[in-house]
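> Next comes final-v6.pdb, PDB, C-alpha atoms:
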ATOM      1  CA  MET M   1     -44.696 -36.724  38.728
ATOM      2  CA  THR M   2     -43.972 -32.984  38.576
ATOM      3  CA  ASP M   3     -45.592 -30.811  41.233
ATOM      4  CA  PRO M   4     -47.129 -27.727  39.556
ATOM      5  CA  SER M   5     -48.305 -26.100  42.765
ATOM      6  CA  GLY M   6     -45.205 -24.457  44.161
ATOM      7  CA  LEU M   7     -46.278 -25.152  47.760
ATOM      8  CA  THR M   8     -43.747 -24.651  50.524
ATOM      9  CA  ARG M   9     -42.337 -27.637  52.386
ATOM     10  CA  ARG M  10     -44.422 -26.691  55.419
ATOM     11  CA  GLU M  11     -47.625 -26.592  53.347
ATOM     12  CA  ARG M  12     -46.859 -29.988  51.809
ATOM     13  CA  LEU M  13     -46.201 -31.493  55.243
ATOM     14  CA  ALA M  14     -49.486 -30.095  56.542
ATOM     15  CA  LEU M  15     -51.394 -31.818  53.737
ATOM     16  CA  PHE M  16     -49.467 -35.050  54.308
ATOM     17  CA  LEU M  17     -50.347 -34.969  58.015
ATOM     18  CA  GLN M  18     -54.015 -34.276  57.286
ATOM     19  CA  ARG M  19     -54.188 -37.141  54.808
ATOM     20  CA  GLU M  20     -52.587 -39.663  57.158
ATOM     21  CA  VAL M  21     -54.725 -38.703  60.153
ATOM     22  CA  SER M  22     -57.809 -38.818  57.929
ATOM     23  CA  ARG M  23     -56.730 -42.246  56.691
ATOM     24  CA  LEU M  24     -56.549 -43.571  60.240
ATOM     25  CA  ALA M  25     -59.871 -41.967  61.155
ATOM     26  CA  SER M  26     -61.503 -43.330  57.994
ATOM     27  CA  TRP M  27     -62.237 -46.605  59.774
ATOM     28  CA  PHE M  28     -64.789 -44.587  61.710
ATOM     29  CA  TRP M  29     -65.978 -41.700  59.559
ATOM     30  CA  ILE M  30     -66.485 -43.518  56.253
ATOM     31  CA  PRO M  31     -68.721 -46.296  57.726
ATOM     32  CA  ALA M  32     -70.485 -43.685  59.888
ATOM     33  CA  SER M  33     -71.181 -41.529  56.846
ATOM     34  CA  ALA M  34     -72.471 -44.489  54.817
ATOM     35  CA  PHE M  35     -74.617 -45.696  57.742
ATOM     36  CA  THR M  36     -76.167 -42.244  58.121
ATOM     37  CA  MET M  37     -77.033 -41.966  54.445
ATOM     38  CA  ARG M  38     -78.271 -45.514  54.011
ATOM     39  CA  TYR M  39     -80.126 -46.216  57.259
ATOM     40  CA  LEU M  40     -80.856 -42.905  58.984
ATOM     41  CA  LEU M  41     -81.725 -40.913  55.856
ATOM     42  CA  GLY M  42     -82.872 -43.895  53.809
ATOM     43  CA  TYR M  43     -80.919 -42.983  50.676
ATOM     44  CA  ARG M  44     -80.216 -45.529  47.966
ATOM     45  CA  ILE M  45     -77.967 -45.444  44.894
ATOM     46  CA  ARG M  46     -79.688 -47.048  41.936
ATOM     47  CA  ASN M  47     -77.610 -49.802  40.288
ATOM     48  CA  ALA M  48     -74.823 -49.160  42.804
ATOM     49  CA  SER M  49     -72.885 -52.374  42.102
ATOM     50  CA  ARG M  50     -72.842 -51.762  38.355
ATOM     51  CA  LEU M  51     -71.815 -48.125  38.857
ATOM     52  CA  ARG M  52     -68.916 -49.060  41.141
ATOM     53  CA  ARG M  53     -67.667 -51.689  38.701
ATOM     54  CA  ARG M  54     -67.648 -49.041  35.952
ATOM     55  CA  PHE M  55     -65.780 -46.634  38.179
ATOM     56  CA  ARG M  56     -63.088 -49.169  39.073
ATOM     57  CA  ALA M  57     -62.723 -50.198  35.430
ATOM     58  CA  MET M  58     -62.140 -46.551  34.516
ATOM     59  CA  LEU M  59     -59.454 -46.272  37.179
ATOM     60  CA  ARG M  60     -57.681 -49.354  35.839
ATOM     61  CA  GLU M  61     -57.480 -47.887  32.344
ATOM     62  CA  SER M  62     -54.934 -45.305  33.447
ATOM     63  CA  ASP M  63     -53.137 -44.608  36.696
ATOM     64  CA  GLY M  64     -53.067 -40.831  36.231
ATOM     65  CA  PRO M  65     -54.635 -38.222  38.533
ATOM     66  CA  VAL M  66     -58.407 -37.838  38.568
ATOM     67  CA  LEU M  67     -60.420 -34.670  39.145
ATOM     68  CA  ILE M  68     -64.059 -35.476  39.856
ATOM     69  CA  CYS M  69     -66.352 -32.791  38.425
ATOM     70  CA  ALA M  70     -69.983 -32.987  39.500
ATOM     71  CA  ASN M  71     -73.233 -31.090  39.275
ATOM     72  CA  HIS M  72     -74.448 -29.581  42.548
ATOM     73  CA  LEU M  73     -77.954 -29.493  44.033
ATOM     74  CA  THR M  74     -77.662 -30.244  47.778
ATOM     75  CA  MET M  75     -75.263 -29.690  50.654
ATOM     76  CA  VAL M  76     -74.403 -33.398  50.920
ATOM     77  CA  ASP M  77     -73.604 -34.039  47.263
ATOM     78  CA  SER M  78     -69.911 -34.639  47.952
ATOM     79  CA  ALA M  79     -70.711 -37.394  50.461
ATOM     80  CA  LEU M  80     -73.242 -38.934  48.077
ATOM     81  CA  VAL M  81     -70.765 -38.923  45.184
ATOM     82  CA  ALA M  82     -68.034 -40.595  47.271
ATOM     83  CA  TRP M  83     -70.485 -43.203  48.583
ATOM     84  CA  ALA M  84     -71.920 -43.867  45.128
ATOM     85  CA  LEU M  85     -68.515 -44.424  43.525
ATOM     86  CA  GLY M  86     -66.636 -46.294  46.200
ATOM     87  CA  GLY M  87     -68.972 -47.889  48.651
ATOM     88  CA  THR M  88     -67.971 -48.243  52.291
ATOM     89  CA  TRP M  89     -65.162 -50.729  52.828
ATOM     90  CA  TRP M  90     -63.670 -50.399  49.352
ATOM     91  CA  SER M  91     -63.173 -46.713  50.159
ATOM     92  CA  VAL M  92     -61.505 -47.503  53.486
ATOM     93  CA  PHE M  93     -59.053 -49.885  51.817
ATOM     94  CA  ASN M  94     -58.546 -47.685  48.742
ATOM     95  CA  PHE M  95     -58.277 -44.373  50.539
ATOM     96  CA  ARG M  96     -56.437 -42.698  47.674
ATOM     97  CA  TRP M  97     -59.665 -42.709  45.676
ATOM     98  CA  VAL M  98     -61.728 -41.063  48.397
ATOM     99  CA  PRO M  99     -61.844 -37.533  46.985
ATOM    100  CA  TRP M 100     -60.626 -34.408  48.711
ATOM    101  CA  ASN M 101     -63.501 -31.945  48.969
ATOM    102  CA  LEU M 102     -63.708 -28.151  48.977
ATOM    103  CA  PRO M 103     -66.677 -27.304  51.232
ATOM    104  CA  GLU M 104     -67.867 -23.735  51.691
ATOM    105  CA  THR M 105     -66.287 -22.393  54.895
ATOM    106  CA  ARG M 106     -69.427 -20.593  56.073
ATOM    107  CA  ASN M 107     -71.561 -23.718  55.700
ATOM    108  CA  PHE M 108     -69.234 -26.414  57.023
ATOM    109  CA  ALA M 109     -66.218 -24.939  58.847
ATOM    110  CA  SER M 110     -67.377 -21.888  60.762
ATOM    111  CA  GLY M 111     -66.612 -23.213  64.260
ATOM    112  CA  GLY M 112     -63.926 -25.198  66.066
ATOM    113  CA  ILE M 113     -65.737 -28.558  66.064
ATOM    114  CA  SER M 114     -66.852 -28.238  62.454
ATOM    115  CA  GLN M 115     -63.331 -27.227  61.397
ATOM    116  CA  LEU M 116     -61.935 -30.348  63.060
ATOM    117  CA  ALA M 117     -64.620 -32.496  61.412
ATOM    118  CA  VAL M 118     -63.888 -31.281  57.890
ATOM    119  CA  TRP M 119     -60.132 -31.595  58.525
ATOM    120  CA  LEU M 120     -60.593 -35.222  59.576
ATOM    121  CA  THR M 121     -62.766 -36.034  56.568
ATOM    122  CA  LYS M 122     -60.319 -35.020  53.842
ATOM    123  CA  CYS M 123     -61.683 -31.525  53.242
ATOM    124  CA  ILE M 124     -60.069 -28.178  52.438
ATOM    125  CA  PRO M 125     -62.592 -25.423  53.221
ATOM    126  CA  ILE M 126     -62.885 -22.575  50.749
ATOM    127  CA  ARG M 127     -64.696 -19.250  51.051
ATOM    128  CA  ARG M 128     -66.430 -18.704  47.749
ATOM    129  CA  GLY M 129     -66.215 -15.105  46.663
ATOM    130  CA  GLY M 130     -63.250 -14.631  49.008
ATOM    131  CA  ARG M 131     -59.946 -12.976  48.313
ATOM    132  CA  ARG M 132     -58.299 -14.069  45.087
ATOM    133  CA  GLN M 133     -55.089 -14.894  46.955
ATOM    134  CA  ASP M 134     -56.905 -17.229  49.351
ATOM    135  CA  VAL M 135     -58.729 -19.018  46.517
ATOM    136  CA  SER M 136     -55.449 -19.369  44.634
ATOM    137  CA  THR M 137     -53.868 -20.996  47.700
ATOM    138  CA  ILE M 138     -56.652 -23.597  47.816
ATOM    139  CA  ILE M 139     -56.259 -24.312  44.107
ATOM    140  CA  ARG M 140     -52.510 -24.812  44.563
ATOM    141  CA  ARG M 141     -53.173 -27.335  47.326
ATOM    142  CA  VAL M 142     -55.498 -29.313  45.061
ATOM    143  CA  GLN M 143     -52.936 -29.166  42.249
ATOM    144  CA  HIS M 144     -50.321 -30.586  44.615
ATOM    145  CA  LEU M 145     -52.586 -33.402  45.769
ATOM    146  CA  LEU M 146     -53.525 -34.405  42.224
ATOM    147  CA  SER M 147     -49.897 -34.333  41.123
ATOM    148  CA  ARG M 148     -49.215 -36.847  43.929
ATOM    149  CA  GLY M 149     -51.900 -39.237  42.697
ATOM    150  CA  GLU M 150     -54.694 -38.153  45.009
ATOM    151  CA  THR M 151     -58.280 -37.545  43.888
ATOM    152  CA  ALA M 152     -60.293 -34.363  44.366
ATOM    153  CA  LEU M 153     -63.915 -33.388  43.813
ATOM    154  CA  ILE M 154     -64.998 -29.971  42.611
ATOM    155  CA  PHE M 155     -68.491 -28.818  41.722
ATOM    156  CA  ALA M 156     -68.613 -27.526  38.187
ATOM    157  CA  GLU M 157     -70.804 -24.553  39.080
ATOM    158  CA  GLY M 158     -69.001 -23.671  42.297
ATOM    159  CA  GLY M 159     -72.265 -23.628  44.264
ATOM    160  CA  ARG M 160     -75.687 -25.227  44.209
ATOM    161  CA  SER M 161     -77.609 -24.606  41.006
ATOM    162  CA  ARG M 162     -80.506 -22.234  41.658
ATOM    163  CA  THR M 163     -82.327 -23.456  38.551
ATOM    164  CA  GLY M 164     -82.008 -27.161  39.271
ATOM    165  CA  ARG M 165     -80.092 -27.632  36.021
ATOM    166  CA  VAL M 166     -76.401 -27.375  35.113
ATOM    167  CA  GLN M 167     -75.720 -23.680  34.521
ATOM    168  CA  THR M 168     -72.969 -23.220  31.960
ATOM    169  CA  ASP M 169     -72.819 -19.494  32.672
ATOM    170  CA  SER M 170     -71.796 -20.210  36.284
ATOM    171  CA  ILE M 171     -68.954 -22.622  35.600
ATOM    172  CA  ALA M 172     -66.084 -22.485  38.091
ATOM    173  CA  HIS M 173     -63.000 -21.696  36.024
ATOM    174  CA  GLY M 174     -60.822 -22.945  38.884
ATOM    175  CA  MET M 175     -61.901 -26.415  37.765
ATOM    176  CA  GLY M 176     -60.302 -25.835  34.386
ATOM    177  CA  ARG M 177     -57.246 -24.256  35.977
ATOM    178  CA  ILE M 178     -56.660 -27.344  38.090
ATOM    179  CA  ALA M 179     -57.305 -29.851  35.299
ATOM    180  CA  SER M 180     -55.085 -28.006  32.814
ATOM    181  CA  SER M 181     -52.140 -27.603  35.176
ATOM    182  CA  VAL M 182     -51.666 -31.231  36.270
ATOM    183  CA  ALA M 183     -50.015 -33.488  33.709
ATOM    184  CA  GLY M 184     -52.220 -36.362  32.575
ATOM    185  CA  CYS M 185     -55.191 -35.230  34.643
ATOM    186  CA  ARG M 186     -58.460 -36.851  33.678
ATOM    187  CA  ALA M 187     -61.876 -35.374  34.413
ATOM    188  CA  LEU M 188     -64.426 -37.779  35.863
ATOM    189  CA  CYS M 189     -67.774 -36.118  35.215
ATOM    190  CA  VAL M 190     -70.468 -37.227  37.676
ATOM    191  CA  TYR M 191     -74.141 -36.424  37.254
ATOM    192  CA  LEU M 192     -76.143 -37.159  40.406
ATOM    193  CA  ARG M 193     -79.822 -36.477  41.015
ATOM    194  CA  GLY M 194     -82.433 -37.755  43.423
ATOM    195  CA  ASP M 195     -85.605 -39.133  41.887
ATOM    196  CA  ARG M 196     -87.617 -36.566  43.862
ATOM    197  CA  GLN M 197     -85.138 -33.695  43.450
ATOM    198  CA  SER M 198     -86.859 -30.973  41.429
ATOM    199  CA  SER M 199     -84.512 -28.093  42.285
ATOM    200  CA  TRP M 200     -81.744 -27.169  44.731
ATOM    201  CA  SER M 201     -82.141 -27.780  48.470
ATOM    202  CA  ALA M 202     -80.195 -28.226  51.684
ATOM    203  CA  LEU M 203     -80.781 -32.000  51.781
ATOM    204  CA  PRO M 204     -82.302 -34.515  49.368
ATOM    205  CA  VAL M 205     -85.747 -35.842  50.254
ATOM    206  CA  ILE M 206     -85.560 -38.442  53.037
ATOM    207  CA  GLY M 207     -85.735 -41.937  51.559
ATOM    208  CA  ASP M 208     -84.865 -40.805  48.042
ATOM    209  CA  SER M 209     -83.136 -42.945  45.401
ATOM    210  CA  PHE M 210     -80.374 -41.469  43.274
ATOM    211  CA  TYR M 211     -79.554 -41.686  39.611
ATOM    212  CA  VAL M 212     -75.785 -41.477  39.039
ATOM    213  CA  ASP M 213     -73.966 -41.399  35.704
ATOM    214  CA  ILE M 214     -70.217 -41.134  35.137
ATOM    215  CA  ASP M 215     -68.049 -40.252  32.167
ATOM    216  CA  MET M 216     -64.258 -39.965  32.207
ATOM    217  CA  PHE M 217     -62.159 -38.149  29.618
ATOM    218  CA  GLN M 218     -58.970 -36.127  29.341
ATOM    219  CA  PRO M 219     -59.614 -32.546  28.189
ATOM    220  CA  THR M 220     -57.266 -31.143  25.558
ATOM    221  CA  SER M 221     -56.621 -27.672  24.203
ATOM    222  CA  GLU M 222     -54.117 -25.935  21.948
ATOM    223  CA  ARG M 223     -54.572 -22.705  23.878
ATOM    224  CA  SER M 224     -52.442 -21.491  26.763
ATOM    225  CA  GLY M 225     -52.852 -19.622  30.024
ATOM    226  CA  MET M 226     -56.315 -18.526  31.102
ATOM    227  CA  ARG M 227     -57.869 -19.412  27.746
ATOM    228  CA  ARG M 228     -56.651 -22.984  28.155
ATOM    229  CA  SER M 229     -58.192 -23.184  31.647
ATOM    230  CA  ARG M 230     -61.498 -21.830  30.361
ATOM    231  CA  ASP M 231     -61.423 -24.275  27.458
ATOM    232  CA  PHE M 232     -60.975 -27.190  29.873
ATOM    233  CA  ALA M 233     -63.815 -25.916  32.081
ATOM    234  CA  ARG M 234     -66.078 -25.514  29.054
ATOM    235  CA  GLN M 235     -65.426 -29.079  27.872
ATOM    236  CA  ILE M 236     -66.236 -30.472  31.313
ATOM    237  CA  ALA M 237     -69.405 -28.386  31.560
ATOM    238  CA  GLU M 238     -70.560 -29.562  28.141
ATOM    239  CA  ARG M 239     -70.125 -33.196  29.224
ATOM    240  CA  LEU M 240     -72.261 -32.578  32.313
ATOM    241  CA  VAL M 241     -74.947 -30.839  30.256
ATOM    242  CA  SER M 242     -75.010 -33.820  27.881
ATOM    243  CA  MET M 243     -75.337 -36.211  30.817
ATOM    244  CA  GLU M 244     -78.162 -34.128  32.252
ATOM    245  CA  GLU M 245     -79.997 -34.137  28.917
ATOM    246  CA  LYS M 246     -79.665 -37.918  28.813
ATOM    247  CA  TYR M 247     -81.141 -38.139  32.319
ATOM    248  CA  PHE M 248     -84.197 -36.036  31.462
ATOM    249  CA  ALA M 249     -84.702 -37.857  28.167
ATOM    250  CA  ARG M 250     -84.773 -41.180  30.011
ATOM    251  CA  ARG M 251     -87.151 -39.822  32.635
ATOM    252  CA  GLN M 252     -89.487 -38.532  29.946
ATOM    253  CA  ARG M 253     -89.535 -41.925  28.208
ATOM    254  CA  ARG M 254     -90.360 -43.673  31.504
ATOM    255  CA  SER M 255     -93.216 -41.277  32.218
TER     256      SER M 255
END
Represent the structure from my file as structure tokens, please.

Amino acid sequence: MTDPSGLTRRERLALFLQREVSRLASWFWIPASAFTMRYLLGYRIRNASRLRRRFRAMLRESDGPVLICANHLTMVDSALVAWALGGTWWSVFNFRWVPWNLPETRNFASGGISQLAVWLTKCIPIRRGGRRQDVSTIIRRVQHLLSRGETALIFAEGGRSRTGRVQTDSIAHGMGRIASSVAGCRALCVYLRGDRQSSWSALPVIGDSFYVDIDMFQPTSERSGMRRSRDFARQIAERLVSMEEKYFARRQRRS
């Protein structure tokens, strides 16, 4: 598989080391994360078994790289998405499918202990609104990982939605740049929402249950360069909007 990133040998080795240390530590941090969400916070994924079977069936259809693109309402969405899709021990034994995450540096990696924690848990911190060169470096790392068969998660809007709905005018074009630059990359759109989640927040309501829907497709475009990246991002955003509309239509019928 061709590497589109252009990373140096030292940068590639650093990512390899992080992945392998994280893999070894996963016997602790993945069960600890799941235990915290399930028993300490009381969260529950609705129809979790059915959802995970769908996810694994999608993975079997093609062995290409997967970029998970999700909506974003709380600061723990990335952990919830990984837990919802993989479960605990399946994720430990199928570590490739545990997604790399791009947490906001100021929220999750501002100190020494927090930096070590995100490094151990398969994260690459990013400072949103930071220097273009720094953001480009992060994108190149994700491109490299995907080209090597890893999985990554990126929030379609870059940050938490301030309206509580998917905001197409705030779409992160880096998502399209990554998806369009890695051969055979598929977008796994994930729509996640707590039953009692009305808008954005730091954490979901304690004891909440979560609706999760998934849809995988491979974006295509006849355009090139930046227009191609924006076209990919637009297609992904439209899928998420459609999934959100389906969610609210179902909720309205139930009520």
> Taking a cut-off of 8 Å and counting only C-alpha atoms, can you build a table that, for each residue of segment 142-222 of chain M near segment 229-237 of chain M, reports the nearest atom pair and how far apart they are in Å (one decimal), sorted by chain then residue number, as a tab-separated table?

residue	atom	partner	partner_atom	distance
M:Ala156	CA	M:Ala237	CA	6.7
M:Val166	CA	M:Ala237	CA	7.9
M:Thr168	CA	M:Ala237	CA	6.3
M:Ile171	CA	M:Ala233	CA	7.0
M:Ala172	CA	M:Ala233	CA	7.3
M:His173	CA	M:Ala233	CA	5.8
M:Gly174	CA	M:Ser229	CA	7.7
M:Met175	CA	M:Ala233	CA	6.0
M:Gly176	CA	M:Ala233	CA	4.2
M:Arg177	CA	M:Ser229	CA	4.6
M:Ile178	CA	M:Ser229	CA	7.8
M:Ala179	CA	M:Phe232	CA	7.1
M:Ser180	CA	M:Ser229	CA	5.9
M:Ala187	CA	M:Ile236	CA	7.3
M:Cys189	CA	M:Ile236	CA	7.0
M:Pro219	CA	M:Phe232	CA	5.8
M:Thr220	CA	M:Phe232	CA	6.9
M:Ser221	CA	M:Asp231	CA	6.7
> Let me make sure I understand: among M:Ile124, M:Ser242, M:Leu102, M:Gly207, which one has the smallest atom-to-atom distance to Asp77 of chain M if we use only C-alpha atoms?
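Comparing M:Ile124, M:Ser242, M:Leu102, M:Gly207 against Asp77 of chain M, the winner is M:Leu102.
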> Give me the residues near Arg141 of chain M as a VMD selection string, where near means some atom within 12 Å (using only C-alpha atoms) and where sequence neighbours in that chain fewer than 6 positions away do not count.
chain M and resid 3 to 16 100 to 102 123 to 126 134 to 135 147 to 148 150 to 152 178 182
> Can you tell me how far atom CA of Arg250 of chain M sits from atom CA of Phe155 of chain M, in Å to one decimal?
23.6 Å
> Apply the PyMOL selection byres ((chain M and resi 160) around 9) to the displayed file and report the matching residues as a PDB file with C-alpha atoms, in the coordinates of the input.

ATOM      1  CA  ASN M  71     -73.233 -31.090  39.275  1.00  0.00           C
ATOM      2  CA  HIS M  72     -74.448 -29.581  42.548  1.00  0.00           C
ATOM      3  CA  LEU M  73     -77.954 -29.493  44.033  1.00  0.00           C
ATOM      4  CA  THR M  74     -77.662 -30.244  47.778  1.00  0.00           C
ATOM      5  CA  MET M  75     -75.263 -29.690  50.654  1.00  0.00           C
ATOM      6  CA  PHE M 155     -68.491 -28.818  41.722  1.00  0.00           C
ATOM      7  CA  GLU M 157     -70.804 -24.553  39.080  1.00  0.00           C
ATOM      8  CA  GLY M 158     -69.001 -23.671  42.297  1.00  0.00           C
ATOM      9  CA  GLY M 159     -72.265 -23.628  44.264  1.00  0.00           C
ATOM     10  CA  SER M 161     -77.609 -24.606  41.006  1.00  0.00           C
ATOM     11  CA  ARG M 162     -80.506 -22.234  41.658  1.00  0.00           C
ATOM     12  CA  THR M 163     -82.327 -23.456  38.551  1.00  0.00           C
ATOM     13  CA  GLY M 164     -82.008 -27.161  39.271  1.00  0.00           C
ATOM     14  CA  TRP M 200     -81.744 -27.169  44.731  1.00  0.00           C
ATOM     15  CA  SER M 201     -82.141 -27.780  48.470  1.00  0.00           C
TER      16      SER M 201
END
> For Tyr191 of chain M, which residue out of M:Tyr43, M:Trp89, M:Tyr211, M:Trp119 is the nearest one, using all atoms listed in the file?
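That would be M:Tyr211, the residue with the smallest distance to Tyr191 of chain M.
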> As JSON, please report the centre and edge lengths, rounded to one decimal in Å, of the axis-aligned box that holds all listed atoms of segment 83-89 of chain M with 4 Å of padding on each of the six sides.

{"center_x": -68.5, "center_y": -47.0, "center_z": 48.2, "size_x": 14.8, "size_y": 15.5, "size_z": 17.3}
> When distances are computed from all atoms listed in the file, which of M:Ser181, M:Phe210, M:Arg38, M:Arg251 shows the smallest separation from Met226 of chain M?
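For Met226 of chain M, the nearest of the given residues is M:Ser181.
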> At a cut-off of 9 Å, using all atoms listed in the file, what residues contact segment 51-63 of chain M? Leave out same-chain residues fewer than 3 positions from it and give the result as a CSV table (one decimal) with C-alpha atoms, in the frame of the given file.

chain,number,residue,atom,x,y,z
M,46,ARG,CA,-79.7,-47.0,41.9
M,47,ASN,CA,-77.6,-49.8,40.3
M,48,ALA,CA,-74.8,-49.2,42.8
M,66,VAL,CA,-58.4,-37.8,38.6
M,84,ALA,CA,-71.9,-43.9,45.1
M,85,LEU,CA,-68.5,-44.4,43.5
M,86,GLY,CA,-66.6,-46.3,46.2
M,87,GLY,CA,-69.0,-47.9,48.7
M,149,GLY,CA,-51.9,-39.2,42.7
M,212,VAL,CA,-75.8,-41.5,39.0
M,213,ASP,CA,-74.0,-41.4,35.7
M,214,ILE,CA,-70.2,-41.1,35.1
M,215,ASP,CA,-68.0,-40.3,32.2
M,216,MET,CA,-64.3,-40.0,32.2
> On this structure, which residues satisfy the PyMOL selection byres ((chain M and resi 32-36) around 10), written as a PyMOL selection string?
chain M and resi 26-31+37-43+79-80+82-84+87-89
> Which residue is closest to Leu146 of chain M? Choose from M:Val190, M:Ala202, M:Ser114, M:Gly64 and count only C-alpha atoms.
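The closest residue to Leu146 of chain M is M:Gly64.
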> Quick one: distance from atom CA of Leu188 of chain M to atom CA of Leu120 of chain M in Å, one decimal?
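If I compute the distance from atom CA of Leu188 of chain M to atom CA of Leu120 of chain M, I get 24.2 Å.
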> Quick check, in Å to one decimal: how far apart do atom CA of Arg239 of chain M and atom CA of Leu153 of chain M lie?
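Straight-line distance from atom CA of Arg239 of chain M to atom CA of Leu153 of chain M works out to 15.9 Å.
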> Considering all atoms listed in the file, state which residue in the set M:Arg186, M:Trp90, M:Arg196, M:Glu104 is at the smallest distance from Ser49 of chain M.
M:Trp90
> Tell me which of M:Arg50, M:Arg165, M:Arg140, M:Arg19 sits closest to Arg96 of chain M, counting all atoms listed in the file.
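Looking only at the distances to Arg96 of chain M, the closest residue turns out to be M:Arg19.
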